[in-house]
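To be precise, the following lines are final-v7.pdb, and they hold PDB, C-alpha atoms.
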MODEL        1
ATOM      1  CA  MET A  13     -27.444  13.498  -1.843
ATOM      2  CA  THR A  14     -26.828  14.888  -5.325
ATOM      3  CA  PRO A  15     -23.816  15.545  -7.552
ATOM      4  CA  LEU A  16     -24.458  19.279  -7.008
ATOM      5  CA  SER A  17     -23.973  18.813  -3.256
ATOM      6  CA  SER A  18     -20.634  17.142  -3.916
ATOM      7  CA  VAL A  19     -19.551  20.012  -6.165
ATOM      8  CA  ARG A  20     -20.496  22.588  -3.542
ATOM      9  CA  LYS A  21     -18.522  20.752  -0.863
ATOM     10  CA  ALA A  22     -15.549  20.445  -3.205
ATOM     11  CA  VAL A  23     -15.565  24.172  -3.971
ATOM     12  CA  SER A  24     -15.962  25.129  -0.307
ATOM     13  CA  ARG A  25     -13.177  22.780   0.751
ATOM     14  CA  PHE A  26     -10.927  24.062  -2.023
ATOM     15  CA  MET A  27     -11.492  27.671  -0.950
ATOM     16  CA  ALA A  28     -10.948  26.994   2.772
ATOM     17  CA  TRP A  29      -7.795  24.928   2.312
ATOM     18  CA  SER A  30      -6.408  27.234  -0.373
ATOM     19  CA  LEU A  31      -6.941  30.359   1.732
ATOM     20  CA  SER A  32      -5.352  28.662   4.760
ATOM     21  CA  PHE A  33      -1.865  29.165   3.290
ATOM     22  CA  TYR A  34      -2.095  32.952   3.149
ATOM     23  CA  PRO A  35      -2.389  34.060   6.821
ATOM     24  CA  GLN A  36       1.032  32.663   7.794
ATOM     25  CA  LEU A  37       2.683  34.089   4.681
ATOM     26  CA  ILE A  38       1.193  37.536   5.335
ATOM     27  CA  GLN A  39       1.837  37.502   9.091
ATOM     28  CA  THR A  40       5.492  36.590   8.612
ATOM     29  CA  TYR A  41       5.846  39.314   5.989
ATOM     30  CA  ARG A  42       4.378  41.919   8.356
ATOM     31  CA  ARG A  43       6.540  40.802  11.284
ATOM     32  CA  ARG A  44       9.671  40.554   9.136
ATOM     33  CA  SER A  45      10.509  37.628  11.367
ATOM     34  CA  VAL A  46      10.305  33.820  11.327
ATOM     35  CA  THR A  47      10.817  33.452  15.088
ATOM     36  CA  GLY A  48       8.294  31.087  16.601
ATOM     37  CA  LEU A  49       8.132  28.992  13.441
ATOM     38  CA  SER A  50       9.613  25.518  12.995
ATOM     39  CA  ILE A  51      11.813  25.277   9.934
ATOM     40  CA  ASP A  52      11.310  21.495  10.001
ATOM     41  CA  PHE A  53       7.568  21.946   9.502
ATOM     42  CA  PHE A  54       7.832  24.389   6.620
ATOM     43  CA  THR A  55      10.538  22.387   4.832
ATOM     44  CA  ILE A  56       8.804  19.020   4.960
ATOM     45  CA  ASN A  57       5.536  20.727   3.989
ATOM     46  CA  VAL A  58       7.067  21.555   0.601
ATOM     47  CA  VAL A  59       8.073  17.910   0.105
ATOM     48  CA  GLY A  60       4.650  16.692   1.165
ATOM     49  CA  PHE A  61       2.719  18.854  -1.266
ATOM     50  CA  ALA A  62       5.126  18.032  -4.095
ATOM     51  CA  VAL A  63       4.408  14.341  -3.526
ATOM     52  CA  TYR A  64       0.673  14.999  -3.227
ATOM     53  CA  THR A  65       0.606  16.963  -6.493
ATOM     54  CA  VAL A  66       2.431  14.229  -8.429
ATOM     55  CA  SER A  67       0.222  11.423  -7.103
ATOM     56  CA  THR A  68      -2.964  13.388  -7.807
ATOM     57  CA  TYR A  69      -1.810  14.204 -11.337
ATOM     58  CA  LEU A  70      -1.138  10.524 -12.052
ATOM     59  CA  PHE A  71      -4.539   9.476 -10.712
ATOM     60  CA  LEU A  72      -6.224  11.975 -13.024
ATOM     61  CA  PHE A  73      -4.234  11.706 -16.248
ATOM     62  CA  SER A  74      -2.420   8.369 -16.353
ATOM     63  CA  SER A  75      -4.515   5.811 -18.256
ATOM     64  CA  THR A  76      -2.325   3.015 -16.891
ATOM     65  CA  ILE A  77      -2.904   4.070 -13.293
ATOM     66  CA  ARG A  78      -6.644   4.420 -13.820
ATOM     67  CA  LYS A  79      -6.922   0.982 -15.451
ATOM     68  CA  GLN A  80      -4.994  -0.670 -12.641
ATOM     69  CA  TYR A  81      -7.126   1.111 -10.059
ATOM     70  CA  ALA A  82     -10.341  -0.030 -11.761
ATOM     71  CA  SER A  83      -9.015  -3.603 -11.812
ATOM     72  CA  ARG A  84      -8.390  -3.576  -8.066
ATOM     73  CA  HIS A  85     -11.596  -1.745  -7.123
ATOM     74  CA  ARG A  86     -14.252  -3.230  -9.379
ATOM     75  CA  SER A  87     -17.179  -2.028  -7.280
ATOM     76  CA  ALA A  88     -15.927   1.587  -7.468
ATOM     77  CA  PRO A  89     -13.640   1.752 -10.537
ATOM     78  CA  GLU A  90     -13.249   5.540 -10.605
ATOM     79  CA  PRO A  91     -10.652   7.016  -8.192
ATOM     80  CA  SER A  92     -12.198   9.550  -5.818
ATOM     81  CA  VAL A  93      -9.721  12.178  -7.030
ATOM     82  CA  GLN A  94     -10.995  15.270  -8.816
ATOM     83  CA  TYR A  95      -9.540  18.195 -10.740
ATOM     84  CA  ASN A  96      -9.961  20.496  -7.758
ATOM     85  CA  ASP A  97      -7.632  18.158  -5.826
ATOM     86  CA  LEU A  98      -4.896  18.789  -8.382
ATOM     87  CA  ALA A  99      -5.584  22.529  -8.455
ATOM     88  CA  PHE A 100      -5.320  22.584  -4.679
ATOM     89  CA  GLY A 101      -2.053  20.635  -4.759
ATOM     90  CA  VAL A 102      -0.407  22.966  -7.280
ATOM     91  CA  HIS A 103      -1.593  26.056  -5.406
ATOM     92  CA  ALA A 104      -0.467  24.632  -2.054
ATOM     93  CA  LEU A 105       2.950  23.745  -3.436
ATOM     94  CA  ILE A 106       3.495  27.284  -4.713
ATOM     95  CA  LEU A 107       2.403  28.877  -1.423
ATOM     96  CA  THR A 108       4.444  26.505   0.754
ATOM     97  CA  VAL A 109       7.550  27.231  -1.321
ATOM     98  CA  LEU A 110       6.955  30.970  -0.863
ATOM     99  CA  THR A 111       6.472  30.576   2.902
ATOM    100  CA  TRP A 112       9.546  28.349   3.181
ATOM    101  CA  SER A 113      11.590  30.939   1.270
ATOM    102  CA  GLN A 114      10.910  33.468   4.039
ATOM    103  CA  PHE A 115      13.434  31.602   6.172
ATOM    104  CA  TRP A 116      16.177  32.170   3.627
ATOM    105  CA  CYS A 117      15.625  34.884   1.048
ATOM    106  CA  PHE A 118      14.367  38.130   2.588
ATOM    107  CA  GLY A 119      16.583  38.839   5.574
ATOM    108  CA  TYR A 120      13.835  38.288   8.134
ATOM    109  CA  LYS A 121      14.775  37.932  11.788
ATOM    110  CA  ARG A 122      15.715  34.354  12.541
ATOM    111  CA  GLU A 123      17.219  32.669  15.613
ATOM    112  CA  PRO A 124      20.493  30.704  15.259
ATOM    113  CA  SER A 125      18.660  27.646  16.612
ATOM    114  CA  GLN A 126      16.288  27.589  13.654
ATOM    115  CA  LYS A 127      18.023  24.947  11.579
ATOM    116  CA  LEU A 128      16.783  21.895   9.736
ATOM    117  CA  SER A 129      17.162  18.923  12.051
ATOM    118  CA  ILE A 130      19.060  15.752  11.230
ATOM    119  CA  GLY A 131      15.875  13.760  11.726
ATOM    120  CA  MET A 132      13.977  15.785   9.147
ATOM    121  CA  ILE A 133      16.820  15.461   6.658
ATOM    122  CA  THR A 134      16.673  11.700   7.254
ATOM    123  CA  LEU A 135      12.930  11.697   6.588
ATOM    124  CA  ILE A 136      13.386  13.492   3.261
ATOM    125  CA  ILE A 137      16.181  11.180   2.125
ATOM    126  CA  GLY A 138      14.241   8.116   3.294
ATOM    127  CA  SER A 139      11.148   9.160   1.355
ATOM    128  CA  ALA A 140      13.189   9.558  -1.805
ATOM    129  CA  ALA A 141      14.867   6.181  -1.234
ATOM    130  CA  VAL A 142      11.571   4.316  -0.712
ATOM    131  CA  THR A 143      10.082   5.841  -3.876
ATOM    132  CA  THR A 144      13.187   4.896  -5.854
ATOM    133  CA  ILE A 145      13.142   1.302  -4.594
ATOM    134  CA  VAL A 146       9.459   0.758  -5.385
ATOM    135  CA  SER A 147       9.844   2.378  -8.817
ATOM    136  CA  SER A 148      12.825   0.144  -9.558
ATOM    137  CA  LEU A 149      10.926  -2.997  -8.574
ATOM    138  CA  VAL A 150       8.044  -2.002 -10.854
ATOM    139  CA  TYR A 151      10.367  -1.191 -13.734
ATOM    140  CA  LEU A 152      12.239  -4.489 -13.355
ATOM    141  CA  GLN A 153       8.903  -6.333 -12.982
ATOM    142  CA  ILE A 154       9.972  -7.950  -9.720
ATOM    143  CA  GLY A 155       7.069  -9.398  -7.760
ATOM    144  CA  LYS A 156       3.481  -8.343  -8.420
ATOM    145  CA  LEU A 157       3.994  -4.621  -8.084
ATOM    146  CA  GLU A 158       2.390  -2.318 -10.659
ATOM    147  CA  ALA A 159       2.693   1.342 -11.522
ATOM    148  CA  LEU A 160      -0.292   1.976  -9.247
ATOM    149  CA  ASP A 161       1.865   0.881  -6.310
ATOM    150  CA  ILE A 162       4.227   3.779  -7.015
ATOM    151  CA  VAL A 163       1.312   6.179  -6.722
ATOM    152  CA  TYR A 164       0.171   4.479  -3.525
ATOM    153  CA  THR A 165       3.731   4.772  -2.203
ATOM    154  CA  LEU A 166       3.673   8.515  -2.856
ATOM    155  CA  GLY A 167       0.325   8.689  -1.118
ATOM    156  CA  TYR A 168       1.575   6.878   1.967
ATOM    157  CA  ILE A 169       4.678   9.071   2.055
ATOM    158  CA  LYS A 170       2.402  12.121   2.056
ATOM    159  CA  LEU A 171       0.330  10.574   4.828
ATOM    160  CA  PHE A 172       3.464   9.729   6.844
ATOM    161  CA  ILE A 173       4.765  13.275   6.371
ATOM    162  CA  THR A 174       1.432  14.724   7.485
ATOM    163  CA  ILE A 175       1.448  12.580  10.632
ATOM    164  CA  LEU A 176       4.948  13.750  11.560
ATOM    165  CA  LYS A 177       5.293  17.262  10.175
ATOM    166  CA  TYR A 178       3.204  19.059  12.800
ATOM    167  CA  ILE A 179       5.133  17.608  15.737
ATOM    168  CA  PRO A 180       8.079  20.070  15.590
ATOM    169  CA  GLN A 181       5.715  23.072  15.588
ATOM    170  CA  VAL A 182       3.567  21.639  18.372
ATOM    171  CA  HIS A 183       6.715  20.982  20.399
ATOM    172  CA  LEU A 184       8.148  24.443  19.690
ATOM    173  CA  ASN A 185       4.919  26.101  20.839
ATOM    174  CA  TYR A 186       5.021  23.958  23.981
ATOM    175  CA  ARG A 187       8.635  24.812  24.785
ATOM    176  CA  ARG A 188       8.072  28.535  24.210
ATOM    177  CA  GLU A 189       4.696  28.389  25.999
ATOM    178  CA  SER A 190       3.368  30.598  23.254
ATOM    179  CA  THR A 191       1.921  30.528  19.747
ATOM    180  CA  VAL A 192       3.234  33.991  18.869
ATOM    181  CA  GLY A 193       4.505  33.884  15.291
ATOM    182  CA  TRP A 194       2.293  30.925  14.374
ATOM    183  CA  SER A 195      -0.916  32.090  12.678
ATOM    184  CA  VAL A 196      -4.100  30.662  14.171
ATOM    185  CA  TYR A 197      -6.101  31.735  11.108
ATOM    186  CA  ASN A 198      -4.455  29.133   8.892
ATOM    187  CA  ILE A 199      -5.507  26.517  11.469
ATOM    188  CA  LEU A 200      -9.121  27.709  11.522
ATOM    189  CA  LEU A 201      -9.285  27.560   7.728
ATOM    190  CA  ASP A 202      -7.490  24.213   7.666
ATOM    191  CA  THR A 203     -10.048  22.794  10.111
ATOM    192  CA  THR A 204     -12.846  23.892   7.814
ATOM    193  CA  GLY A 205     -11.095  22.392   4.786
ATOM    194  CA  GLY A 206     -10.386  19.093   6.551
ATOM    195  CA  THR A 207     -13.992  18.705   7.660
ATOM    196  CA  LEU A 208     -15.300  19.417   4.172
ATOM    197  CA  SER A 209     -12.730  17.069   2.636
ATOM    198  CA  LEU A 210     -14.000  14.129   4.668
ATOM    199  CA  ALA A 211     -17.604  15.067   3.911
ATOM    200  CA  GLN A 212     -16.833  15.191   0.189
ATOM    201  CA  LEU A 213     -15.071  11.825   0.271
ATOM    202  CA  PHE A 214     -18.040  10.120   1.937
ATOM    203  CA  LEU A 215     -20.499  11.828  -0.379
ATOM    204  CA  ASP A 216     -18.603  10.982  -3.567
ATOM    205  CA  SER A 217     -18.254   7.351  -2.495
ATOM    206  CA  ALA A 218     -21.941   7.117  -1.673
ATOM    207  CA  LEU A 219     -22.890   8.605  -5.050
ATOM    208  CA  ALA A 220     -20.650   6.001  -6.728
ATOM    209  CA  GLY A 221     -22.670   3.281  -4.988
ATOM    210  CA  ASP A 222     -19.892   2.015  -2.748
ATOM    211  CA  LEU A 223     -19.580   4.087   0.434
ATOM    212  CA  TRP A 224     -16.929   2.022   2.206
ATOM    213  CA  GLY A 225     -15.075   0.763  -0.858
ATOM    214  CA  GLY A 226     -14.747   4.262  -2.302
ATOM    215  CA  THR A 227     -13.785   5.739   1.042
ATOM    216  CA  PHE A 228     -11.076   3.239   1.927
ATOM    217  CA  GLY A 229     -10.019   2.918  -1.713
ATOM    218  CA  ASN A 230      -8.468   6.365  -1.287
ATOM    219  CA  PRO A 231      -6.607   6.035   2.039
ATOM    220  CA  LEU A 232      -4.581   9.175   1.284
ATOM    221  CA  LYS A 233      -7.542  11.540   1.378
ATOM    222  CA  LEU A 234      -9.157   9.769   4.339
ATOM    223  CA  GLY A 235      -5.946   9.655   6.361
ATOM    224  CA  LEU A 236      -4.973  13.242   5.586
ATOM    225  CA  GLY A 237      -8.347  14.535   6.700
ATOM    226  CA  LEU A 238      -8.336  12.678  10.023
ATOM    227  CA  VAL A 239      -4.711  13.458  10.913
ATOM    228  CA  SER A 240      -4.966  17.133   9.968
ATOM    229  CA  LEU A 241      -8.087  17.601  12.071
ATOM    230  CA  GLY A 242      -6.382  15.977  15.052
ATOM    231  CA  PHE A 243      -3.408  18.334  14.956
ATOM    232  CA  ASP A 244      -5.638  21.320  14.232
ATOM    233  CA  GLY A 245      -7.383  20.556  17.507
ATOM    234  CA  ILE A 246      -4.061  20.580  19.367
ATOM    235  CA  PHE A 247      -3.026  23.919  17.831
ATOM    236  CA  LEU A 248      -6.372  25.484  18.704
ATOM    237  CA  CYS A 249      -6.044  24.318  22.311
ATOM    238  CA  GLN A 250      -2.518  25.740  22.487
ATOM    239  CA  HIS A 251      -3.657  29.100  21.141
ATOM    240  CA  TYR A 252      -6.981  29.578  22.904
ATOM    241  CA  ILE A 253      -6.588  27.586  26.132
ATOM    242  CA  TRP A 254      -3.121  26.474  27.236
ATOM    243  CA  PHE A 255      -0.989  29.444  26.150
ATOM    244  CA  ARG A 256      -3.654  32.093  25.733
ATOM    245  CA  GLY A 257      -2.281  35.579  26.280
ATOM    246  CA  LYS A 258       1.216  34.353  27.159
ATOM    247  CA  ALA A 259       4.270  36.120  25.799
ATOM    248  CA  PRO A 260       6.864  33.740  24.335
ATOM    249  CA  LEU A 261       9.763  32.590  26.441
ATOM    250  CA  GLU A 262      13.257  33.112  25.104
ATOM    251  CA  LEU A 263      13.599  30.961  22.012
ATOM    252  CA  ILE A 264      15.436  27.755  22.730
ATOM    253  CA  PRO A 265      16.902  25.220  20.316
ATOM    254  CA  GLU A 266      14.270  23.319  18.394
ATOM    255  CA  MET A 267      13.757  19.655  19.090
ATOM    256  CA  LEU A 268      15.893  17.294  17.071
ATOM    257  CA  PHE A 269      13.159  15.558  15.154
ATOM    258  CA  ILE A 270      13.966  11.854  15.477
ATOM    259  CA  VAL A 271      12.646   9.481  12.863
ATOM    260  CA  ILE A 272      13.071   5.788  13.513
ATOM    261  CA  VAL A 273      13.025   3.798  10.300
TER     262      VAL A 273
ENDMDL
END
Could you spell out this file's structure in structure tokens?
Amino acid sequence: MTPLSSVRKAVSRFMAWSLSFYPQLIQTYRRRSVTGLSIDFFTINVVGFAVYTVSTYLFLFSSTIRKQYASRHRSAPEPSVQYNDLAFGVHALILTVLTWSQFWCFGYKREPSQKLSIGMITLIIGSAAVTTIVSSLVYLQIGKLEALDIVYTLGYIKLFITILKYIPQVHLNYRRESTVGWSVYNILLDTTGGTLSLAQLFLDSALAGDLWGGTFGNPLKLGLGLVSLGFDGIFLCQHYIWFRGKAPLELIPEMLFIVIV
């Protein structure tokens, strides 16, 4: 294993994940319709990548965060976050905002049932509340919390969002018995990116001399890779096996996405 191998994996992962945002954007533009797409998924995706971008930026450029990280992870003092992670986050945020705007700004065909659910609104408000509480505790120096814990909070919020965000789209595909409208190409590219992301994380940690410490020292990247691959597998089964060749049933109201706090 060499640093060059890590760079190659990082570039390949960046390209696969970055390109994965375009097929859905283009397909929706060509169809002039957002039917078959869960507005819950595309809304919370914007929030998730905003959180990811902020946390990655702080890991890279905040001297306070980096010092606190090094203090907690003495065997692997450098965070396994790289500049390509930030570039990916910024790019993803821009593309998810553009895709989300297709529900609202261009007059595309949209069913009356395609509305943001109460549960998803609760998730967004809850995420903001948790971040505010932790930030306040750090600012007031209550307990042993540090600025690094704010970044970790953002990371866990992103992980929590990633675990939940795919469920409305999976459920919508199931209820319609079709994946029409949902681009399979973004899933194929996302699968490639997720696989390369995990490979890069293991490789970078091994090169730093602490395979397990470096890997689990960045639970955000590890968790995101595993969860994304799991849901990618479900989407691929829906498209190629369970609902292959099926025309969509009449669109029915989307599931009320329930979040129990």
Would you write out, as a PDB file with C-alpha atoms, in the frame of the given file, every residue that the PyMOL selection byres ((chain A and resi 163) around 10) captures in this file?
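For reference, result-v3.pdb as written:
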ATOM      1  CA  VAL A  63       4.408  14.341  -3.526  1.00  0.00           C
ATOM      2  CA  TYR A  64       0.673  14.999  -3.227  1.00  0.00           C
ATOM      3  CA  VAL A  66       2.431  14.229  -8.429  1.00  0.00           C
ATOM      4  CA  SER A  67       0.222  11.423  -7.103  1.00  0.00           C
ATOM      5  CA  THR A  68      -2.964  13.388  -7.807  1.00  0.00           C
ATOM      6  CA  TYR A  69      -1.810  14.204 -11.337  1.00  0.00           C
ATOM      7  CA  LEU A  70      -1.138  10.524 -12.052  1.00  0.00           C
ATOM      8  CA  PHE A  71      -4.539   9.476 -10.712  1.00  0.00           C
ATOM      9  CA  ILE A  77      -2.904   4.070 -13.293  1.00  0.00           C
ATOM     10  CA  THR A 143      10.082   5.841  -3.876  1.00  0.00           C
ATOM     11  CA  VAL A 146       9.459   0.758  -5.385  1.00  0.00           C
ATOM     12  CA  SER A 147       9.844   2.378  -8.817  1.00  0.00           C
ATOM     13  CA  GLU A 158       2.390  -2.318 -10.659  1.00  0.00           C
ATOM     14  CA  ALA A 159       2.693   1.342 -11.522  1.00  0.00           C
ATOM     15  CA  LEU A 160      -0.292   1.976  -9.247  1.00  0.00           C
ATOM     16  CA  ASP A 161       1.865   0.881  -6.310  1.00  0.00           C
ATOM     17  CA  ILE A 162       4.227   3.779  -7.015  1.00  0.00           C
ATOM     18  CA  TYR A 164       0.171   4.479  -3.525  1.00  0.00           C
ATOM     19  CA  THR A 165       3.731   4.772  -2.203  1.00  0.00           C
ATOM     20  CA  LEU A 166       3.673   8.515  -2.856  1.00  0.00           C
ATOM     21  CA  GLY A 167       0.325   8.689  -1.118  1.00  0.00           C
ATOM     22  CA  TYR A 168       1.575   6.878   1.967  1.00  0.00           C
ATOM     23  CA  ILE A 169       4.678   9.071   2.055  1.00  0.00           C
TER      24      ILE A 169
END
Residue nearest Phe172 (chain A) among A:Gly205, A:Pro35, A:Gly138, A:Gly245 (counting all atoms listed in the file)
A:Gly138
Can you list, as a list in words, every protein, DNA or RNA residue that comes within 12 Å of Arg84 (chain A) when you count all atoms listed in the file, leaving out same-chain residues fewer than 2 positions away?
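Using all atoms listed in the file, the neighbours found are Ile77, Arg78, Lys79, Gln80, Tyr81, Ala82, Arg86, Ser87, Ala88, Pro89, Glu90, Pro91, Glu158, Leu160, Asp161, Gly225, Gly226 and Gly229 of chain A.
If you count all atoms listed in the file and ignore residues fewer than 6 places along the chain from Ala62 (chain A), what sits within 10 Å of it is A:Ile56, A:Gly101, A:Val102, A:Ala104, A:Leu105, A:Ile106, A:Thr108, A:Val109, A:Leu166, A:Lys170.
Between CA of Leu238 (chain A) and CA of Ile179 (chain A) the separation is 15.4 Å.
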Computed interatomic separation between CA of Ala211 (chain A) and CA of Asn96 (chain A) (Å):
15.0 Å
For Val59 (chain A), which of A:Tyr95, A:Tyr120, A:Phe247, A:Trp112 is the closest residue, counting all atoms listed in the file?
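Result for the nearest residue to Val59 (chain A): A:Trp112.
For the atom pair formed by CA of Phe73 (chain A) and CA of Leu201 (chain A), the distance is 29.2 Å, given to one decimal.
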Selection result for the PyMOL selection byres ((chain A and resi 175) around 12) on this file, as a list in words
Phe53, Ile56, Asn57, Gly60, Tyr168, Ile169, Lys170, Leu171, Phe172, Ile173, Thr174, Leu176, Lys177, Tyr178, Ile179, Pro180, Leu232, Gly235, Leu236, Gly237, Leu238, Val239, Ser240, Leu241, Gly242, Phe243, Asp244 and Val271 of chain A
Nearest to Trp29 (chain A) among A:Leu215, A:Ile199, A:Ile246, A:Leu184, with distances taken over all atoms listed in the file: which residue is it?
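Residue with the minimum atom-to-atom distance to Trp29 (chain A): A:Ile199.
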Any chance you could build region 153-174 of chain A out to N, CA, C and O atoms and write it as an mmCIF file, in the frame of the given file?
data_model
loop_
_atom_site.group_PDB
_atom_site.id
_atom_site.type_symbol
_atom_site.label_atom_id
_atom_site.label_comp_id
_atom_site.auth_asym_id
_atom_site.auth_seq_id
_atom_site.Cartn_x
_atom_site.Cartn_y
_atom_site.Cartn_z
ATOM 1 N N GLN A 153 9.971 -5.331 -13.032
ATOM 2 C CA GLN A 153 8.903 -6.333 -12.982
ATOM 3 C C GLN A 153 9.227 -7.439 -11.981
ATOM 4 O O GLN A 153 9.057 -8.631 -12.233
ATOM 5 N N ILE A 154 9.684 -7.025 -10.821
ATOM 6 C CA ILE A 154 9.972 -7.950 -9.720
ATOM 7 C C ILE A 154 8.746 -8.025 -8.817
ATOM 8 O O ILE A 154 8.246 -7.011 -8.338
ATOM 9 N N GLY A 155 8.257 -9.236 -8.579
ATOM 10 C CA GLY A 155 7.069 -9.398 -7.760
ATOM 11 C C GLY A 155 5.816 -9.019 -8.529
ATOM 12 O O GLY A 155 5.787 -9.021 -9.761
ATOM 13 N N LYS A 156 4.765 -8.676 -7.799
ATOM 14 C CA LYS A 156 3.481 -8.343 -8.420
ATOM 15 C C LYS A 156 3.193 -6.850 -8.367
ATOM 16 O O LYS A 156 2.036 -6.434 -8.516
ATOM 17 N N LEU A 157 4.197 -6.059 -8.167
ATOM 18 C CA LEU A 157 3.994 -4.621 -8.084
ATOM 19 C C LEU A 157 3.664 -4.034 -9.458
ATOM 20 O O LEU A 157 4.173 -4.475 -10.481
ATOM 21 N N GLU A 158 2.783 -3.020 -9.441
ATOM 22 C CA GLU A 158 2.390 -2.318 -10.659
ATOM 23 C C GLU A 158 2.673 -0.827 -10.485
ATOM 24 O O GLU A 158 3.025 -0.361 -9.407
ATOM 25 N N ALA A 159 2.477 -0.100 -11.574
ATOM 26 C CA ALA A 159 2.693 1.342 -11.522
ATOM 27 C C ALA A 159 1.805 1.999 -10.465
ATOM 28 O O ALA A 159 2.200 2.990 -9.837
ATOM 29 N N LEU A 160 0.606 1.443 -10.261
ATOM 30 C CA LEU A 160 -0.292 1.976 -9.247
ATOM 31 C C LEU A 160 0.355 1.957 -7.863
ATOM 32 O O LEU A 160 0.090 2.836 -7.034
ATOM 33 N N ASP A 161 1.209 0.973 -7.613
ATOM 34 C CA ASP A 161 1.865 0.881 -6.310
ATOM 35 C C ASP A 161 2.842 2.030 -6.083
ATOM 36 O O ASP A 161 3.111 2.401 -4.935
ATOM 37 N N ILE A 162 3.376 2.597 -7.154
ATOM 38 C CA ILE A 162 4.227 3.779 -7.015
ATOM 39 C C ILE A 162 3.386 4.960 -6.526
ATOM 40 O O ILE A 162 3.790 5.708 -5.630
ATOM 41 N N VAL A 163 2.207 5.097 -7.124
ATOM 42 C CA VAL A 163 1.312 6.179 -6.722
ATOM 43 C C VAL A 163 0.870 5.989 -5.274
ATOM 44 O O VAL A 163 0.832 6.947 -4.487
ATOM 45 N N TYR A 164 0.545 4.753 -4.913
ATOM 46 C CA TYR A 164 0.171 4.479 -3.525
ATOM 47 C C TYR A 164 1.335 4.779 -2.581
ATOM 48 O O TYR A 164 1.148 5.279 -1.466
ATOM 49 N N THR A 165 2.553 4.472 -3.026
ATOM 50 C CA THR A 165 3.731 4.772 -2.203
ATOM 51 C C THR A 165 3.849 6.275 -1.963
ATOM 52 O O THR A 165 4.099 6.718 -0.835
ATOM 53 N N LEU A 166 3.650 7.063 -3.013
ATOM 54 C CA LEU A 166 3.673 8.515 -2.856
ATOM 55 C C LEU A 166 2.577 8.973 -1.896
ATOM 56 O O LEU A 166 2.791 9.870 -1.074
ATOM 57 N N GLY A 167 1.422 8.340 -2.008
ATOM 58 C CA GLY A 167 0.325 8.689 -1.118
ATOM 59 C C GLY A 167 0.644 8.390 0.329
ATOM 60 O O GLY A 167 0.377 9.206 1.229
ATOM 61 N N TYR A 168 1.239 7.233 0.594
ATOM 62 C CA TYR A 168 1.575 6.878 1.967
ATOM 63 C C TYR A 168 2.717 7.739 2.508
ATOM 64 O O TYR A 168 2.773 8.028 3.711
ATOM 65 N N ILE A 169 3.622 8.146 1.631
ATOM 66 C CA ILE A 169 4.678 9.071 2.055
ATOM 67 C C ILE A 169 4.059 10.397 2.487
ATOM 68 O O ILE A 169 4.428 10.972 3.524
ATOM 69 N N LYS A 170 3.101 10.892 1.696
ATOM 70 C CA LYS A 170 2.402 12.121 2.056
ATOM 71 C C LYS A 170 1.686 11.956 3.382
ATOM 72 O O LYS A 170 1.723 12.853 4.249
ATOM 73 N N LEU A 171 1.031 10.830 3.577
ATOM 74 C CA LEU A 171 0.330 10.574 4.828
ATOM 75 C C LEU A 171 1.320 10.524 5.992
ATOM 76 O O LEU A 171 1.083 11.110 7.056
ATOM 77 N N PHE A 172 2.444 9.836 5.804
ATOM 78 C CA PHE A 172 3.464 9.729 6.844
ATOM 79 C C PHE A 172 4.024 11.111 7.183
ATOM 80 O O PHE A 172 4.226 11.445 8.363
ATOM 81 N N ILE A 173 4.266 11.919 6.149
ATOM 82 C CA ILE A 173 4.765 13.275 6.371
ATOM 83 C C ILE A 173 3.752 14.096 7.156
ATOM 84 O O ILE A 173 4.107 14.837 8.084
ATOM 85 N N THR A 174 2.472 13.966 6.796
ATOM 86 C CA THR A 174 1.432 14.724 7.485
ATOM 87 C C THR A 174 1.331 14.324 8.952
ATOM 88 O O THR A 174 1.125 15.177 9.819
#
